[in-house]
$ cat data.pdb   # PDB, C-alpha atoms
ATOM      1  CA  MET A 712     -20.829 -24.762  35.463
ATOM      2  CA  ILE A 713     -21.953 -21.248  34.680
ATOM      3  CA  VAL A 714     -24.606 -21.593  32.010
ATOM      4  CA  ALA A 715     -25.118 -18.853  29.469
ATOM      5  CA  GLU A 716     -26.889 -18.397  26.165
ATOM      6  CA  ALA A 717     -26.229 -16.255  23.142
ATOM      7  CA  LYS A 718     -27.840 -12.855  22.963
ATOM      8  CA  PRO A 719     -30.086 -12.432  19.916
ATOM      9  CA  ILE A 720     -27.742 -11.815  17.015
ATOM     10  CA  GLU A 721     -29.638  -8.632  16.074
ATOM     11  CA  ASP A 722     -28.733  -7.216  19.502
ATOM     12  CA  VAL A 723     -25.062  -8.030  19.007
ATOM     13  CA  ILE A 724     -25.079  -6.524  15.519
ATOM     14  CA  ALA A 725     -26.550  -3.308  16.947
ATOM     15  CA  MET A 726     -24.070  -3.342  19.842
ATOM     16  CA  ILE A 727     -21.037  -3.401  17.537
ATOM     17  CA  ASP A 728     -22.478  -1.194  14.812
ATOM     18  CA  ARG A 729     -20.173   1.740  15.525
ATOM     19  CA  TYR A 730     -17.009  -0.381  15.416
ATOM     20  CA  ASP A 731     -15.098  -1.658  12.390
ATOM     21  CA  LYS A 732     -12.314  -3.589  14.159
ATOM     22  CA  ILE A 733     -13.145  -5.775  17.116
ATOM     23  CA  ILE A 734     -11.785  -8.656  19.127
ATOM     24  CA  LEU A 735     -14.228 -11.514  19.592
ATOM     25  CA  ALA A 736     -13.130 -13.416  22.677
ATOM     26  CA  GLY A 737     -14.431 -16.819  23.696
ATOM     27  CA  CYS A 738     -13.652 -18.849  26.802
ATOM     28  CA  LYS A 739     -12.727 -22.523  27.004
ATOM     29  CA  GLU A 740     -14.396 -23.140  30.367
ATOM     30  CA  CYS A 741     -18.091 -23.236  31.343
ATOM     31  CA  VAL A 742     -19.466 -21.398  28.321
ATOM     32  CA  ALA A 743     -17.613 -23.763  25.992
ATOM     33  CA  VAL A 744     -19.227 -26.752  27.725
ATOM     34  CA  CYS A 745     -22.707 -25.243  27.430
ATOM     35  CA  ALA A 746     -22.023 -24.449  23.762
ATOM     36  CA  ALA A 747     -22.448 -20.700  24.121
ATOM     37  CA  GLY A 748     -18.984 -19.178  24.092
ATOM     38  CA  GLY A 749     -16.302 -21.687  23.121
ATOM     39  CA  GLU A 750     -14.048 -21.765  20.089
ATOM     40  CA  LYS A 751     -16.775 -23.035  17.772
ATOM     41  CA  GLU A 752     -19.203 -20.341  18.882
ATOM     42  CA  VAL A 753     -16.514 -17.713  18.314
ATOM     43  CA  GLN A 754     -16.152 -18.902  14.716
ATOM     44  CA  LEU A 755     -19.904 -18.994  14.167
ATOM     45  CA  LEU A 756     -20.591 -15.575  15.616
ATOM     46  CA  ALA A 757     -17.623 -14.016  13.812
ATOM     47  CA  SER A 758     -18.845 -15.400  10.498
ATOM     48  CA  ALA A 759     -22.404 -14.230  11.161
ATOM     49  CA  LEU A 760     -21.267 -10.724  12.144
ATOM     50  CA  ARG A 761     -19.024 -10.379   9.101
ATOM     51  CA  THR A 762     -21.846 -11.606   6.869
ATOM     52  CA  ALA A 763     -24.268  -9.091   8.379
ATOM     53  CA  ARG A 764     -21.764  -6.308   7.831
ATOM     54  CA  LYS A 765     -21.167  -7.304   4.198
ATOM     55  CA  THR A 766     -24.918  -7.330   3.663
ATOM     56  CA  ALA A 767     -24.923  -3.704   4.756
ATOM     57  CA  GLY A 768     -22.083  -2.972   2.340
ATOM     58  CA  ARG A 769     -19.514  -2.384   5.082
ATOM     59  CA  GLU A 770     -16.458  -4.233   6.311
ATOM     60  CA  LEU A 771     -15.824  -5.643   9.772
ATOM     61  CA  GLU A 772     -12.455  -6.916  10.932
ATOM     62  CA  ILE A 773     -12.663  -9.489  13.696
ATOM     63  CA  ARG A 774      -9.756 -10.952  15.610
ATOM     64  CA  GLU A 775     -10.966 -14.305  16.896
ATOM     65  CA  VAL A 776      -9.492 -15.575  20.162
ATOM     66  CA  THR A 777     -10.571 -18.196  22.661
ATOM     67  CA  LEU A 778      -8.855 -17.898  26.005
ATOM     68  CA  GLU A 779      -8.304 -20.712  28.445
ATOM     69  CA  ARG A 780     -10.374 -18.720  30.951
ATOM     70  CA  GLN A 781     -11.582 -15.149  31.065
ATOM     71  CA  CYS A 782     -11.878 -15.167  34.850
ATOM     72  CA  ASP A 783      -8.137 -15.275  35.561
ATOM     73  CA  PRO A 784      -5.824 -12.298  35.008
ATOM     74  CA  GLU A 785      -3.008 -14.316  33.436
ATOM     75  CA  PHE A 786      -5.244 -15.524  30.613
ATOM     76  CA  VAL A 787      -7.019 -12.201  30.120
ATOM     77  CA  GLU A 788      -3.581 -10.607  29.754
ATOM     78  CA  GLN A 789      -2.811 -12.850  26.768
ATOM     79  CA  ILE A 790      -4.443 -10.376  24.380
ATOM     80  CA  ARG A 791      -2.470  -7.430  25.772
ATOM     81  CA  GLY A 792      -0.123  -7.395  22.771
ATOM     82  CA  PHE A 793      -2.806  -6.549  20.232
ATOM     83  CA  ALA A 794      -5.815  -5.299  22.230
ATOM     84  CA  GLY A 795      -4.850  -1.688  21.571
ATOM     85  CA  ASP A 796      -5.198  -2.217  17.820
ATOM     86  CA  TYR A 797      -8.938  -2.798  18.146
ATOM     87  CA  GLN A 798     -11.927  -0.602  18.937
ATOM     88  CA  ALA A 799     -13.862  -2.984  21.194
ATOM     89  CA  ILE A 800     -13.778  -6.411  22.790
ATOM     90  CA  LEU A 801     -16.874  -8.525  22.288
ATOM     91  CA  SER A 802     -16.661 -11.224  24.934
ATOM     92  CA  ILE A 803     -18.731 -14.376  24.762
ATOM     93  CA  ALA A 804     -17.625 -15.530  28.183
ATOM     94  CA  CYS A 805     -19.927 -15.239  31.190
ATOM     95  CA  GLY A 806     -20.467 -11.889  32.866
ATOM     96  CA  VAL A 807     -17.293 -12.417  34.864
ATOM     97  CA  GLY A 808     -15.228 -12.640  31.702
ATOM     98  CA  VAL A 809     -16.741  -9.496  30.209
ATOM     99  CA  GLN A 810     -15.987  -7.575  33.406
ATOM    100  CA  TYR A 811     -12.435  -8.895  33.560
ATOM    101  CA  MET A 812     -11.920  -7.678  30.003
ATOM    102  CA  ALA A 813     -13.322  -4.284  30.988
ATOM    103  CA  GLU A 814     -11.077  -4.099  34.056
ATOM    104  CA  HIS A 815      -7.929  -5.101  32.197
ATOM    105  CA  TYR A 816      -8.448  -3.097  29.002
ATOM    106  CA  LYS A 817      -9.726   0.236  30.190
ATOM    107  CA  GLN A 818      -9.068   2.080  26.945
ATOM    108  CA  ILE A 819     -11.617   0.103  24.895
ATOM    109  CA  PRO A 820     -15.170  -1.012  25.671
ATOM    110  CA  ALA A 821     -15.938  -4.622  26.608
ATOM    111  CA  LEU A 822     -19.276  -5.823  25.271
ATOM    112  CA  PRO A 823     -21.300  -8.897  26.289
ATOM    113  CA  GLY A 824     -22.258 -11.348  23.555
ATOM    114  CA  LEU A 825     -24.034 -13.697  25.957
ATOM    115  CA  ASN A 826     -26.670 -13.547  28.631
ATOM    116  CA  THR A 827     -25.264 -15.309  31.683
ATOM    117  CA  SER A 828     -28.100 -17.384  33.032
ATOM    118  CA  PHE A 829     -27.331 -19.546  36.041
ATOM    119  CA  MET A 830     -25.140 -22.119  37.776
ATOM    120  CA  GLY A 831     -26.301 -25.528  36.741
ATOM    121  CA  GLY A 832     -25.629 -28.711  34.854
ATOM    122  CA  SER A 833     -26.733 -30.521  31.730
ATOM    123  CA  LEU A 834     -29.778 -32.794  31.868
ATOM    124  CA  GLU A 835     -29.060 -34.175  28.425
ATOM    125  CA  GLN A 836     -27.450 -32.965  25.212
ATOM    126  CA  GLY A 837     -28.734 -29.433  24.630
ATOM    127  CA  ILE A 838     -30.644 -29.033  27.913
ATOM    128  CA  TRP A 839     -29.278 -27.315  31.030
ATOM    129  CA  SER A 840     -30.911 -26.765  34.381
ATOM    130  CA  GLU A 841     -30.197 -24.509  37.343
ATOM    131  CA  ARG A 842     -28.962 -26.122  40.538
ATOM    132  CA  CYS A 843     -27.213 -23.514  42.699
ATOM    133  CA  GLN A 844     -27.701 -19.846  43.527
ATOM    134  CA  GLY A 845     -24.435 -19.429  45.386
ATOM    135  CA  CYS A 846     -26.132 -18.428  48.633
ATOM    136  CA  GLY A 847     -22.910 -18.912  50.567
ATOM    137  CA  ALA A 848     -24.406 -21.137  53.293
ATOM    138  CA  CYS A 849     -25.098 -24.578  51.887
ATOM    139  CA  VAL A 850     -27.851 -26.662  53.513
ATOM    140  CA  LEU A 851     -27.865 -29.598  51.116
ATOM    141  CA  HIS A 852     -26.941 -31.989  53.936
ATOM    142  CA  LEU A 853     -30.304 -31.157  55.548
ATOM    143  CA  THR A 854     -32.476 -31.300  52.463
ATOM    144  CA  GLY A 855     -31.616 -34.596  50.844
ATOM    145  CA  GLY A 856     -29.155 -33.051  48.426
ATOM    146  CA  ILE A 857     -31.841 -30.890  46.799
ATOM    147  CA  CYS A 858     -31.379 -27.144  47.071
ATOM    148  CA  PRO A 859     -34.415 -25.326  48.494
ATOM    149  CA  ILE A 860     -32.959 -21.951  47.571
ATOM    150  CA  THR A 861     -32.809 -22.891  43.888
ATOM    151  CA  ARG A 862     -35.510 -25.478  43.416
ATOM    152  CA  CYS A 863     -38.209 -23.708  45.433
ATOM    153  CA  SER A 864     -39.437 -20.690  43.462
ATOM    154  CA  LYS A 865     -39.708 -18.716  46.694
ATOM    155  CA  SER A 866     -36.434 -20.072  48.108
ATOM    156  CA  LEU A 867     -38.342 -21.182  51.178
ATOM    157  CA  LEU A 868     -36.416 -22.971  53.885
ATOM    158  CA  ASN A 869     -39.554 -24.318  55.497
ATOM    159  CA  GLY A 870     -41.689 -25.483  52.591
ATOM    160  CA  PRO A 871     -43.731 -26.419  50.780
ATOM    161  CA  CYS A 872     -46.053 -23.455  50.445
ATOM    162  CA  GLY A 873     -49.751 -23.489  49.532
ATOM    163  CA  GLY A 874     -48.867 -23.180  45.864
ATOM    164  CA  SER A 875     -47.603 -26.750  45.705
ATOM    165  CA  ALA A 876     -50.069 -29.136  44.037
ATOM    166  CA  ASN A 877     -49.529 -32.665  42.787
ATOM    167  CA  GLY A 878     -45.804 -32.192  43.071
ATOM    168  CA  LYS A 879     -45.800 -29.100  40.852
ATOM    169  CA  CYS A 880     -45.099 -25.470  41.601
ATOM    170  CA  GLU A 881     -47.762 -22.827  41.047
ATOM    171  CA  VAL A 882     -45.258 -20.824  38.990
ATOM    172  CA  SER A 883     -45.541 -23.298  36.120
ATOM    173  CA  PRO A 884     -47.282 -26.633  35.607
ATOM    174  CA  GLU A 885     -44.016 -27.997  34.197
ATOM    175  CA  MET A 886     -41.984 -26.946  37.231
ATOM    176  CA  GLU A 887     -41.512 -29.430  40.018
ATOM    177  CA  CYS A 888     -42.110 -28.259  43.558
ATOM    178  CA  GLY A 889     -38.656 -28.177  45.149
ATOM    179  CA  TRP A 890     -40.016 -29.017  48.552
ATOM    180  CA  GLN A 891     -41.980 -31.966  47.244
ATOM    181  CA  LEU A 892     -38.705 -33.245  45.777
ATOM    182  CA  ILE A 893     -37.000 -32.730  49.136
ATOM    183  CA  ILE A 894     -39.762 -34.551  51.033
ATOM    184  CA  ASP A 895     -39.757 -37.487  48.618
ATOM    185  CA  ARG A 896     -35.989 -37.716  48.812
ATOM    186  CA  LEU A 897     -35.881 -37.542  52.608
ATOM    187  CA  LYS A 898     -38.488 -40.291  52.803
ATOM    188  CA  ALA A 899     -36.478 -42.464  50.424
ATOM    189  CA  LEU A 900     -33.405 -41.893  52.589
ATOM    190  CA  GLY A 901     -35.345 -42.705  55.781
ATOM    191  CA  GLU A 902     -34.541 -39.209  57.098
ATOM    192  CA  PHE A 903     -37.971 -37.634  56.801
ATOM    193  CA  GLU A 904     -38.867 -37.705  60.503
ATOM    194  CA  ALA A 905     -35.469 -36.492  61.610
ATOM    195  CA  ARG A 906     -35.156 -33.686  59.064
ATOM    196  CA  PHE A 907     -38.576 -32.473  57.986
ATOM    197  CA  THR A 908     -40.031 -32.070  61.481
ATOM    198  CA  GLU A 909     -37.231 -29.709  62.416
ATOM    199  CA  LEU A 910     -37.740 -26.077  61.382
ATOM    200  CA  PHE A 911     -34.971 -24.068  59.820
ATOM    201  CA  PRO A 912     -34.207 -21.060  62.019
ATOM    202  CA  ILE A 913     -34.387 -17.548  60.590
ATOM    203  CA  ARG A 914     -31.527 -17.321  58.166
ATOM    204  CA  ASP A 915     -28.793 -14.769  57.873
ATOM    205  CA  TRP A 916     -28.792 -13.903  54.180
ATOM    206  CA  SER A 917     -25.687 -11.741  54.395
ATOM    207  CA  THR A 918     -23.649 -14.567  52.846
ATOM    208  CA  SER A 919     -25.914 -14.323  49.811
ATOM    209  CA  ARG A 920     -26.486 -11.334  47.546
ATOM    210  CA  ASP A 921     -28.028  -9.391  50.429
ATOM    211  CA  GLY A 922     -24.555  -8.793  51.822
ATOM    212  CA  GLY A 923     -23.346  -7.012  48.688
ATOM    213  CA  GLN A 924     -20.502  -8.108  46.456
ATOM    214  CA  ARG A 925     -18.764 -11.127  47.916
ATOM    215  CA  LYS A 926     -15.105 -11.944  48.147
ATOM    216  CA  ILE A 927     -13.106 -14.906  49.413
ATOM    217  CA  VAL A 928      -9.582 -14.432  50.758
ATOM    218  CA  ARG A 929      -7.437 -17.509  51.305
ATOM    219  CA  GLU A 930      -4.442 -16.491  53.374
ATOM    220  CA  ASP A 931      -2.806 -19.879  52.739
ATOM    221  CA  LEU A 932      -2.823 -19.259  48.996
ATOM    222  CA  LYS A 933      -2.200 -15.531  48.824
ATOM    223  CA  GLN A 934       1.200 -14.321  47.668
TER
ATOM    224  CA  MET B 952     -20.063 -23.424  10.554
ATOM    225  CA  HIS B 953     -19.337 -24.463   6.979
ATOM    226  CA  LEU B 954     -22.809 -23.427   5.894
ATOM    227  CA  LEU B 955     -22.493 -19.973   7.375
ATOM    228  CA  ARG B 956     -19.012 -19.529   5.975
ATOM    229  CA  ALA B 957     -20.300 -20.311   2.479
ATOM    230  CA  PHE B 958     -22.815 -17.468   2.806
ATOM    231  CA  GLU B 959     -20.131 -15.203   4.225
ATOM    232  CA  GLU B 960     -18.009 -15.927   1.159
ATOM    233  CA  GLY B 961     -20.872 -14.758  -1.039
ATOM    234  CA  MET B 962     -22.535 -17.973  -2.169
ATOM    235  CA  ASP B 963     -26.039 -17.278  -3.468
ATOM    236  CA  GLY B 964     -27.391 -20.582  -2.236
ATOM    237  CA  VAL B 965     -26.282 -23.714  -0.427
ATOM    238  CA  TYR B 966     -27.890 -27.109  -0.224
ATOM    239  CA  VAL B 967     -27.034 -30.002   2.000
ATOM    240  CA  ALA B 968     -27.483 -33.487   0.608
ATOM    241  CA  GLY B 969     -28.084 -36.057   3.337
ATOM    242  CA  CYS B 970     -28.996 -39.718   3.223
ATOM    243  CA  LEU B 971     -32.609 -40.779   3.277
ATOM    244  CA  GLU B 972     -34.017 -40.508   6.776
ATOM    245  CA  GLY B 973     -33.610 -43.781   8.628
ATOM    246  CA  GLU B 974     -30.921 -44.948   6.235
ATOM    247  CA  CYS B 975     -27.942 -42.919   7.401
ATOM    248  CA  HIS B 976     -24.640 -44.738   7.746
ATOM    249  CA  PHE B 977     -24.056 -42.552  10.789
ATOM    250  CA  LEU B 978     -27.456 -43.519  12.211
ATOM    251  CA  ARG B 979     -28.798 -40.137  13.254
ATOM    252  CA  GLY B 980     -26.254 -38.018  11.404
ATOM    253  CA  ASN B 981     -28.717 -36.808   8.781
ATOM    254  CA  LEU B 982     -31.333 -35.965  11.427
ATOM    255  CA  ARG B 983     -28.758 -33.951  13.318
ATOM    256  CA  ALA B 984     -27.746 -32.236  10.110
ATOM    257  CA  LYS B 985     -31.398 -31.317   9.538
ATOM    258  CA  LYS B 986     -31.516 -29.608  12.932
ATOM    259  CA  ARG B 987     -28.279 -27.739  12.207
ATOM    260  CA  VAL B 988     -29.654 -26.582   8.869
ATOM    261  CA  GLU B 989     -32.792 -25.277  10.594
ATOM    262  CA  HIS B 990     -30.603 -23.482  13.134
ATOM    263  CA  VAL B 991     -28.556 -21.826  10.399
ATOM    264  CA  LYS B 992     -31.772 -20.808   8.608
ATOM    265  CA  GLY B 993     -32.691 -18.977  11.810
ATOM    266  CA  ILE B 994     -29.338 -17.176  11.746
ATOM    267  CA  LEU B 995     -29.850 -16.236   8.081
ATOM    268  CA  ILE B 996     -33.249 -14.737   8.926
ATOM    269  CA  ALA B 997     -31.616 -12.700  11.704
ATOM    270  CA  LEU B 998     -29.011 -11.505   9.213
ATOM    271  CA  GLY B 999     -31.698 -10.507   6.714
ATOM    272  CA  ILE B1000     -30.846 -13.225   4.195
ATOM    273  CA  ASN B1001     -33.673 -15.217   2.670
ATOM    274  CA  PRO B1002     -33.601 -18.659   4.370
ATOM    275  CA  GLU B1003     -34.781 -20.224   1.111
ATOM    276  CA  ARG B1004     -31.191 -19.855  -0.013
ATOM    277  CA  LEU B1005     -30.358 -22.785   2.257
ATOM    278  CA  GLN B1006     -31.995 -26.162   1.702
ATOM    279  CA  MET B1007     -31.536 -29.718   2.835
ATOM    280  CA  TYR B1008     -32.387 -32.668   0.634
ATOM    281  CA  ASN B1009     -32.421 -36.355   1.458
ATOM    282  CA  LEU B1010     -31.440 -38.886  -1.144
ATOM    283  CA  SER B1011     -29.352 -42.028  -1.423
ATOM    284  CA  ALA B1012     -26.088 -42.439  -3.303
ATOM    285  CA  ALA B1013     -27.951 -44.535  -5.896
ATOM    286  CA  MET B1014     -30.385 -41.739  -6.798
ATOM    287  CA  GLY B1015     -28.395 -40.011  -9.528
ATOM    288  CA  GLY B1016     -31.490 -38.847 -11.359
ATOM    289  CA  ARG B1017     -32.924 -37.228  -8.252
ATOM    290  CA  PHE B1018     -29.593 -35.562  -7.590
ATOM    291  CA  VAL B1019     -29.763 -33.865 -10.992
ATOM    292  CA  GLU B1020     -33.354 -32.791 -10.309
ATOM    293  CA  ILE B1021     -32.368 -31.281  -6.993
ATOM    294  CA  ALA B1022     -29.411 -29.457  -8.500
ATOM    295  CA  GLN B1023     -31.665 -27.971 -11.177
ATOM    296  CA  GLU B1024     -34.385 -27.116  -8.665
ATOM    297  CA  MET B1025     -31.900 -25.352  -6.427
ATOM    298  CA  THR B1026     -30.296 -23.515  -9.326
ATOM    299  CA  GLU B1027     -33.683 -22.208 -10.442
ATOM    300  CA  LYS B1028     -34.619 -21.221  -6.922
ATOM    301  CA  VAL B1029     -31.408 -19.296  -6.377
ATOM    302  CA  ARG B1030     -31.590 -17.678  -9.804
ATOM    303  CA  ALA B1031     -35.086 -16.448  -8.993
ATOM    304  CA  LEU B1032     -33.882 -15.010  -5.688
ATOM    305  CA  GLY B1033     -31.066 -13.132  -7.406
ATOM    306  CA  PRO B1034     -27.630 -12.382  -6.028
ATOM    307  CA  THR B1035     -27.115 -12.537  -2.276
ATOM    308  CA  PRO B1036     -27.137  -9.222  -0.407
ATOM    309  CA  VAL B1037     -23.766 -10.291   0.996
ATOM    310  CA  LYS B1038     -22.332  -9.565  -2.457
ATOM    311  CA  THR B1039     -24.505  -6.627  -3.409
ATOM    312  CA  GLY B1040     -24.254  -4.916  -0.011
ATOM    313  CA  GLU B1041     -27.763  -3.560  -0.514
ATOM    314  CA  GLY B1042     -29.037  -4.424   2.947
ATOM    315  CA  ARG B1043     -31.565  -6.952   4.195
ATOM    316  CA  GLU B1044     -33.536  -8.876   1.612
ATOM    317  CA  PHE B1045     -35.662 -10.643   4.199
ATOM    318  CA  PHE B1046     -37.569  -9.288   7.161
ATOM    319  CA  GLU B1047     -38.622 -11.635   9.913
ATOM    320  CA  GLU B1048     -41.702  -9.601  10.857
ATOM    321  CA  GLN B1049     -43.223  -9.804   7.412
ATOM    322  CA  GLY B1050     -41.829 -13.270   6.807
ATOM    323  CA  GLU B1051     -41.233 -12.248   3.242
ATOM    324  CA  GLU B1052     -38.762 -10.623   0.930
ATOM    325  CA  LYS B1053     -38.198  -6.901   0.679
ATOM    326  CA  GLN B1054     -40.446  -5.400  -1.972
ATOM    327  CA  PRO B1055     -38.499  -3.490  -4.627
TER
END

$ encode --input "data.pdb" --output "structure tokens"
Amino acid sequence: MIVAEAKPIEDVIAMIDRYDKIILAGCKECVAVCAAGGEKEVQLLASALRTARKTAGRELEIREVTLERQCDPEFVEQIRGFAGDYQAILSIACGVGVQYMAEHYKQIPALPGLNTSFMGGSLEQGIWSERCQGCGACVLHLTGGICPITRCSKSLLNGPCGGSANGKCEVSPEMECGWQLIIDRLKALGEFEARFTELFPIRDWSTSRDGGQRKIVREDLKQ
Amino acid sequence: MHLLRAFEEGMDGVYVAGCLEGECHFLRGNLRAKKRVEHVKGILIALGINPERLQMYNLSAAMGGRFVEIAQEMTEKVRALGPTPVKTGEGREFFEEQGEEKQP
């Protein structure tokens, strides 16, 4: 899922200070699962923002909505009927959702209530961890199912580097060395000799962010 | 959510009464509630509301006397703090940096 976390509430209060009527839009997908932008978080943030405004002796009208997804036009369009009655849309979806709001409702500003952090999963209740950087050329079949792009701080394809010590990364004593994880996993799978002795060739990073904004076109699905 | 809404509606103080720790019918329910209360206190600080206005107490259903004590303690505490800025609209009463109330 896309993992995000709430911006400091002071920042959001400052962001909406000039508006008196806003839409607060949550999303029922990833950000709901990571407890940052679902229906409950919409209610909490709306209440907090109204309380802050009352404390300052002013009123704030908030229309609370939680869309099925903010990354699909048909759902984003569901607020079309009343969007024009408001001065801004505060989206607590990921960055995609905020941009979709901005693209669909050009007459009013779309504001981000979250910081979109990474693609990852939950380790346990309340803890999420990054797993994928969307590099566009997956090598997990060669690295024991552990991503070197994400788990190695330098995204090395031929690691580990000299900063690896006792299984930890030099970036932080709490951070595991991604390549140590890969080596241990390959050994456990009995694939160490076959995989680790083979060097990765120089990689074409154009499928990653280096190639600019990416787009996928599926001719079989297009209308 | 309910805690925050109470402050939004202009309550001067809110206290949560949970079971004694280790004796919750819902096992860890009161410990979870404690964490939620701490979280909401953090939100109150960000909103400029004195976090002392929110308290959690632990007592059993058989502790009627203690319940009265707590109610009186909370009433006195809230009375000393005065009306919530949510009602007065006079701005922040609590500043995180100083960790104390606004001086009149």

$ closest_atom_pairs --input "data.pdb" --of "chain A" --to "chain B" --cutoff "8 Å" --atoms "all atoms listed in the file" --output "tab-separated table"
residue	atom	partner	partner_atom	distance
A:Ile720	CA	B:Ala997	CA	6.6
A:Glu721	CA	B:Ala997	CA	6.3
A:Lys751	CA	B:Met952	CA	7.9
A:Gln754	CA	B:Met952	CA	7.3
A:Leu755	CA	B:Met952	CA	5.7
A:Ser758	CA	B:Arg956	CA	6.1
A:Ala759	CA	B:Leu955	CA	6.9
A:Arg761	CA	B:Glu959	CA	6.9
A:Thr762	CA	B:Glu959	CA	4.8
A:Ala763	CA	B:Leu998	CA	5.4
A:Lys765	CA	B:Val1037	CA	5.1
A:Thr766	CA	B:Val1037	CA	4.1
A:Ala767	CA	B:Gly1042	CA	4.6
A:Gly768	CA	B:Gly1040	CA	3.7
A:Arg769	CA	B:Gly1040	CA	7.4

$ atom_distance --input "data.pdb" --atom1 "atom CA of A:Val807" --atom2 "atom CA of A:Asp722"
19.8 Å

$ atom_distance --input "data.pdb" --atom1 "atom CA of A:Arg925" --atom2 "atom CA of A:Glu841"
20.5 Å

$ resolve_selection --input "data.pdb" --expression "the PyMOL selection byres ((chain A and resi 749) around 12)" --output "PyMOL selection string"
chain A and resi 715-717+735-748+750-756+775-781+802-805+824-825

$ residues_near_point --input "data.pdb" --point "(-37.0, -29.8, 47.9)" --cutoff "9 Å" --atoms "all atoms listed in the file" --output "list in words"
Thr854, Gly855, Gly856, Ile857, Cys858, Pro859, Ile860, Arg862, Cys863, Gly870, Pro871, Cys888, Gly889, Trp890, Gln891, Leu892, Ile893, Ile894, Asp895 and Arg896 of chain A

$ atom_distance --input "data.pdb" --atom1 "atom CA of A:Tyr811" --atom2 "atom CA of A:Glu788"
9.8 Å

$ closest_residue --input "data.pdb" --among "B:Asn1001, B:Met1007, B:Arg1017, B:Ile996" --to "B:Ala984" --atoms "only C-alpha atoms"
B:Met1007

$ axis_aligned_box --input "data.pdb" --around "stretch 847-855 of chain A" --padding-each-side "8 Å" --output "lines of an AutoDock Vina configuration file"
center_x = -27.7
center_y = -26.8
center_z = 53.1
size_x = 25.6
size_y = 31.7
size_z = 21.0

$ closest_residue --input "data.pdb" --among "A:Gln844, A:Ser875, A:Asn869, A:Ser919" --to "A:Phe907" --atoms "only C-alpha atoms"
A:Asn869

$ resolve_selection --input "data.pdb" --expression "the PyMOL selection byres ((chain B and resi 1022) around 12)" --output "number ranges by chain"
B: 964-968, 1006-1008, 1015-1021, 1023-1029

$ closest_residue --input "data.pdb" --among "A:Met712, A:Ile734, A:Leu932, A:Ile773" --to "A:Gly845" --atoms "all atoms listed in the file"
A:Met712

$ closest_residue --input "data.pdb" --among "A:Arg914, A:Ile819, A:Thr861, A:Val882" --to "A:Arg842" --atoms "only C-alpha atoms"
A:Thr861

$ build_atoms --input "data.pdb" --residues "stretch 989-1001 of chain B" --atoms "N, CA and C atoms" --output "PDB file, in the coordinates of the input"
ATOM      1  N   GLU B 989     -31.708 -26.131  10.100  1.00  0.00           N
ATOM      2  CA  GLU B 989     -32.792 -25.277  10.594  1.00  0.00           C
ATOM      3  C   GLU B 989     -32.231 -24.145  11.461  1.00  0.00           C
ATOM      4  N   HIS B 990     -31.236 -24.487  12.273  1.00  0.00           N
ATOM      5  CA  HIS B 990     -30.603 -23.482  13.134  1.00  0.00           C
ATOM      6  C   HIS B 990     -29.953 -22.383  12.285  1.00  0.00           C
ATOM      7  N   VAL B 991     -29.239 -22.807  11.259  1.00  0.00           N
ATOM      8  CA  VAL B 991     -28.556 -21.826  10.399  1.00  0.00           C
ATOM      9  C   VAL B 991     -29.583 -20.981   9.629  1.00  0.00           C
ATOM     10  N   LYS B 992     -30.714 -21.583   9.265  1.00  0.00           N
ATOM     11  CA  LYS B 992     -31.772 -20.808   8.608  1.00  0.00           C
ATOM     12  C   LYS B 992     -32.224 -19.682   9.545  1.00  0.00           C
ATOM     13  N   GLY B 993     -32.313 -19.999  10.827  1.00  0.00           N
ATOM     14  CA  GLY B 993     -32.691 -18.977  11.810  1.00  0.00           C
ATOM     15  C   GLY B 993     -31.672 -17.849  11.847  1.00  0.00           C
ATOM     16  N   ILE B 994     -30.394 -18.200  11.762  1.00  0.00           N
ATOM     17  CA  ILE B 994     -29.338 -17.176  11.746  1.00  0.00           C
ATOM     18  C   ILE B 994     -29.466 -16.329  10.483  1.00  0.00           C
ATOM     19  N   LEU B 995     -29.715 -16.980   9.347  1.00  0.00           N
ATOM     20  CA  LEU B 995     -29.850 -16.236   8.081  1.00  0.00           C
ATOM     21  C   LEU B 995     -30.991 -15.226   8.173  1.00  0.00           C
ATOM     22  N   ILE B 996     -32.103 -15.647   8.767  1.00  0.00           N
ATOM     23  CA  ILE B 996     -33.249 -14.737   8.926  1.00  0.00           C
ATOM     24  C   ILE B 996     -32.819 -13.528   9.754  1.00  0.00           C
ATOM     25  N   ALA B 997     -32.078 -13.804  10.845  1.00  0.00           N
ATOM     26  CA  ALA B 997     -31.616 -12.700  11.704  1.00  0.00           C
ATOM     27  C   ALA B 997     -30.683 -11.761  10.937  1.00  0.00           C
ATOM     28  N   LEU B 998     -29.960 -12.321   9.979  1.00  0.00           N
ATOM     29  CA  LEU B 998     -29.011 -11.505   9.213  1.00  0.00           C
ATOM     30  C   LEU B 998     -29.700 -10.828   8.014  1.00  0.00           C
ATOM     31  N   GLY B 999     -30.965 -11.141   7.811  1.00  0.00           N
ATOM     32  CA  GLY B 999     -31.698 -10.507   6.714  1.00  0.00           C
ATOM     33  C   GLY B 999     -31.495 -11.197   5.380  1.00  0.00           C
ATOM     34  N   ILE B1000     -31.051 -12.451   5.428  1.00  0.00           N
ATOM     35  CA  ILE B1000     -30.846 -13.225   4.195  1.00  0.00           C
ATOM     36  C   ILE B1000     -31.996 -14.220   4.064  1.00  0.00           C
ATOM     37  N   ASN B1001     -32.540 -14.323   2.881  1.00  0.00           N
ATOM     38  CA  ASN B1001     -33.673 -15.217   2.670  1.00  0.00           C
ATOM     39  C   ASN B1001     -33.288 -16.669   3.013  1.00  0.00           C
TER      40      ASN B1001
END
